[in-house]
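Step one of this worksheet: look at the structure below.
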Amino acid sequence: MQHFIVYINPNTELAPILEVLDTLSNRFHIRFFATDSQRDLLPQYIQTWDPKDKSVAGIDCVLVFGGDGTILRAKSIAISTGAPILGVNLGYLGFLSETTFKELEASIQTLVQKRYKLISRMLLDCRLMRDNKLIFSGLALNDAVIYKAETPRMITVRTYCNGRFVFSARCDGVIASSPTGSTAYNLSAGGPLLTPQTKAIVVSHLNPHILAIRPMVFPASDKVCIKVSSLFEPACLQIDGENVYHLLEGDQVIVSEAKRQVDFVKLSNRTFFRIMRNKLHLGK
């Protein structure tokens with residue numbers, strides 16, 4: 001691996017990162033590239049990635065400095081280049097990160113020596129439909145979240161699976177989560193933990209009015225449709241914490257397994273269960 005795109009949380013102190021990038025470049029003969037969106041953040045000696053540049057065979061890895069939120073924002077780079085993500089945790093949990101800043105040089109050495117695996121993670125294809133017209137489509141690594149507006153009034157959501165009615169619920173919102181996202185907002189809402197290689201879609205309601213409403217797990221081959229109603233003002237849709245769209249009465253959010261996946265670099269023998277125990281402070 002010789003060609004890396006660098007993506008950094010802009011709120012991070014840059015000097016230590018730039019210093020280590022310089023060290024890595026000299027030691028392992030790595031070329032680092034910046035995205036257009038972070039051109040002003042990084043020094044000029046780090047080139048801007050141009051997919052039309054024939055002198056570069058391709059991007060081998062997306063090196064992300066930050067927390068899980070930064071990795072979610074970097075997923076579009078991984079999708080467009082086909083390169084795997086290596087997360088360097090500078091945040092709180094860092095559930096999606098594979099290494100730390102202290103371990104980075106050793107991790108890059110392992111990577112360059114090809115002593116790594118790639119773990120593919122499922123993406124959700126999310127579509128907002130209004131009057132049978134496509135308003136928005138996007139890919140989610142974590143989740144698609146529908147939530148009520150600022151007024152303290154519940155909304156009604158009707159859930160369908162492959163065109164068949166499942167149930168309706170009065171609630172503050174609903175989360176459609178991927179296996180990766182099961183450790184995020186879904187977990188806070190009382191949803192289940194799924195291993196990363198599980199092929200499924202989790203639907204968890206936020207503060208449902210009826211206690212019998214529980215999270216449901218659908219096979220990834222299913223198409224889940226969530227229809228919103230009883231809106232006193234527009235509700236909102238967020239994909240991976242970004243791309244806020246206002247929902248109107250009768251709008252439908254359709255969630256299914258995407259054709260694309262995102263690969264993550266796996267360097268260590270730490271299992272998902274060990275990471276889960278350590279980072280979520282579950283039983284030893």
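Quick note on naming: the chains in the structure tokens go A, B, ... in the order shown, residues restart at 1 in each chain, and ligands are numbered from 1 in order of appearance.
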
Report task. Identify, with DSSP run on backbone atoms, the residues in range 70-283 of chain A assigned to alpha helix (DSSP H), and express the list as a PyMOL selection string. Result -> chain A and resi 70-81+104-112+185-188+272-280

Given the selection you just returned, output its residues as a file containing N, CA and C atoms, formatted as a CSV table (one decimal), in the first residue's frame.
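Listed below is the output, result27.csv:
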```
chain,number,residue,atom,x,y,z
A,70,THR,N,-16.3,11.0,12.3
A,70,THR,CA,-15.4,11.4,11.2
A,70,THR,C,-15.3,10.2,10.2
A,71,ILE,N,-15.3,9.0,10.7
A,71,ILE,CA,-15.3,7.9,9.8
A,71,ILE,C,-16.6,7.8,9.0
A,72,LEU,N,-17.7,8.2,9.6
A,72,LEU,CA,-19.0,8.2,8.8
A,72,LEU,C,-18.9,9.2,7.7
A,73,ARG,N,-18.3,10.4,8.0
A,73,ARG,CA,-18.2,11.4,7.0
A,73,ARG,C,-17.2,11.0,5.9
A,74,ALA,N,-16.3,10.1,6.2
A,74,ALA,CA,-15.3,9.7,5.2
A,74,ALA,C,-15.7,8.5,4.3
A,75,LYS,N,-16.9,8.0,4.7
A,75,LYS,CA,-17.3,6.8,3.9
A,75,LYS,C,-17.5,7.0,2.4
A,76,SER,N,-17.9,8.3,2.1
A,76,SER,CA,-18.1,8.6,0.7
A,76,SER,C,-16.8,8.5,-0.1
A,77,ILE,N,-15.7,8.8,0.6
A,77,ILE,CA,-14.4,8.7,-0.1
A,77,ILE,C,-14.1,7.2,-0.4
A,78,ALA,N,-14.3,6.4,0.6
A,78,ALA,CA,-14.1,4.9,0.5
A,78,ALA,C,-15.0,4.4,-0.6
A,79,ILE,N,-16.2,4.8,-0.7
A,79,ILE,CA,-17.1,4.3,-1.7
A,79,ILE,C,-16.7,4.8,-3.1
A,80,SER,N,-16.2,6.0,-3.3
A,80,SER,CA,-15.9,6.5,-4.6
A,80,SER,C,-14.5,5.9,-5.1
A,81,THR,N,-13.6,5.6,-4.1
A,81,THR,CA,-12.3,5.1,-4.5
A,81,THR,C,-12.2,3.6,-4.5
A,104,LEU,N,0.0,4.1,15.6
A,104,LEU,CA,-0.1,4.3,14.2
A,104,LEU,C,1.1,3.9,13.3
A,105,GLU,N,2.3,4.2,13.8
A,105,GLU,CA,3.5,3.8,13.0
A,105,GLU,C,3.6,2.3,12.9
A,106,ALA,N,3.4,1.6,14.0
A,106,ALA,CA,3.4,0.1,13.9
A,106,ALA,C,2.3,-0.4,13.1
A,107,SER,N,1.1,0.2,13.1
A,107,SER,CA,0.0,-0.2,12.3
A,107,SER,C,0.3,-0.1,10.8
A,108,ILE,N,0.9,1.1,10.4
A,108,ILE,CA,1.2,1.3,9.0
A,108,ILE,C,2.3,0.3,8.6
A,109,GLN,N,3.2,0.0,9.4
A,109,GLN,CA,4.2,-1.0,9.1
A,109,GLN,C,3.5,-2.4,8.8
A,110,THR,N,2.6,-2.8,9.6
A,110,THR,CA,1.9,-4.0,9.4
A,110,THR,C,1.1,-4.0,8.1
A,111,LEU,N,0.5,-2.8,7.8
A,111,LEU,CA,-0.3,-2.6,6.6
A,111,LEU,C,0.6,-2.7,5.4
A,112,VAL,N,1.7,-2.1,5.4
A,112,VAL,CA,2.7,-2.1,4.2
A,112,VAL,C,3.2,-3.5,4.0
A,185,TYR,N,-26.8,4.8,17.8
A,185,TYR,CA,-28.1,5.3,18.3
A,185,TYR,C,-29.1,4.2,18.6
A,186,ASN,N,-29.1,3.1,17.8
A,186,ASN,CA,-29.9,2.0,18.0
A,186,ASN,C,-29.7,1.4,19.4
A,187,LEU,N,-28.5,1.3,19.8
A,187,LEU,CA,-28.2,0.7,21.1
A,187,LEU,C,-28.8,1.6,22.2
A,188,SER,N,-28.7,2.9,22.1
A,188,SER,CA,-29.3,3.8,23.0
A,188,SER,C,-30.8,3.7,23.1
A,272,PHE,N,-14.7,-8.8,17.6
A,272,PHE,CA,-15.8,-7.8,17.8
A,272,PHE,C,-16.3,-7.9,19.3
A,273,PHE,N,-16.3,-9.1,19.9
A,273,PHE,CA,-16.8,-9.3,21.2
A,273,PHE,C,-15.9,-8.6,22.2
A,274,ARG,N,-14.6,-8.8,22.0
A,274,ARG,CA,-13.6,-8.1,22.9
A,274,ARG,C,-13.7,-6.6,22.8
A,275,ILE,N,-13.8,-6.1,21.6
A,275,ILE,CA,-14.0,-4.6,21.4
A,275,ILE,C,-15.3,-4.2,22.1
A,276,MET,N,-16.4,-4.9,22.0
A,276,MET,CA,-17.6,-4.6,22.6
A,276,MET,C,-17.5,-4.6,24.1
A,277,ARG,N,-16.9,-5.6,24.7
A,277,ARG,CA,-16.7,-5.6,26.1
A,277,ARG,C,-15.9,-4.4,26.6
A,278,ASN,N,-14.8,-4.1,25.9
A,278,ASN,CA,-14.0,-3.0,26.4
A,278,ASN,C,-14.6,-1.6,26.2
A,279,LYS,N,-15.1,-1.4,25.0
A,279,LYS,CA,-15.6,0.0,24.7
A,279,LYS,C,-17.0,0.3,25.2
A,280,LEU,N,-17.8,-0.7,25.4
A,280,LEU,CA,-19.1,-0.5,25.9
A,280,LEU,C,-19.2,-0.9,27.4
```

Give me the residues of range 58-146 of chain A that have any atom at most 10 Å from an atom of range 206-228 of chain A; for each, the nearest atom pair and the distance in Å, rounded to one decimal. Use only C-alpha atoms, sort by chain and number, and format it as a tab-separated table.
```
residue	atom	partner	partner_atom	distance
A:Met122	CA	A:Ala220	CA	9.1
A:Leu124	CA	A:Ala220	CA	9.1
A:Asp125	CA	A:Lys223	CA	9.7
A:Cys126	CA	A:Cys225	CA	9.8
A:Arg127	CA	A:Cys225	CA	9.4
A:Leu128	CA	A:Ile226	CA	9.7
A:Met129	CA	A:Lys227	CA	9.4
A:Val145	CA	A:Leu206	CA	9.8
A:Ile146	CA	A:Val228	CA	8.8
```

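Of the residues under consideration (A:Arg39, A:Lys102, A:Arg164, A:Lys148), A:Lys148 shows the shortest atom-to-atom contact distance to Glu233 in chain A when counting only C-alpha atoms.
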
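Rounded to one decimal, CA of Lys114 in chain A and CA of Tyr7 in chain A lie 21.8 Å from each other.
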
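CA of Lys266 in chain A to CA of Gly82 in chain A spans 16.1 Å [interatomic distance, one decimal].
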
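Considering the residues A:Ile119, A:Leu96, A:Ile239, A:Val203 and counting only C-alpha atoms, Asp143 in chain A has its shortest atom-to-atom contact with A:Ile239.
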
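Near Ile5 in chain A, within 7 Å and counting only C-alpha atoms, sit A:His3, A:Tyr7, A:Phe32, A:Phe33, A:Ala34, A:Ile59, A:Cys61, A:Val62, A:Leu63; same-chain residues fewer than 2 positions away were not included.
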
Limited to C-alpha atoms, could you put the picked residues into a file as a JSON list (two decimals), in the first residue's frame?
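Saved to part01.json:
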```json
[["chain", "number", "residue", "atom", "x", "y", "z"],
["A", 3, "HIS", "CA", -1.23, 5.75, -1.87],
["A", 7, "TYR", "CA", -9.17, 12.62, 6.14],
["A", 32, "PHE", "CA", -0.52, 11.07, 0.97],
["A", 33, "PHE", "CA", -3.37, 12.87, -0.75],
["A", 34, "ALA", "CA", -6.00, 15.34, 0.41],
["A", 59, "ILE", "CA", -5.90, 4.88, -3.77],
["A", 61, "CYS", "CA", -6.36, 3.21, 1.80],
["A", 62, "VAL", "CA", -8.37, 6.02, 3.39],
["A", 63, "LEU", "CA", -6.58, 7.02, 6.60]]
```

Report task. Find, counting only C-alpha atoms, the residue in A:Leu93, A:Asp36, A:Ile175, A:Tyr116 that gets nearest to Asn269 in chain A. Result -> A:Tyr116
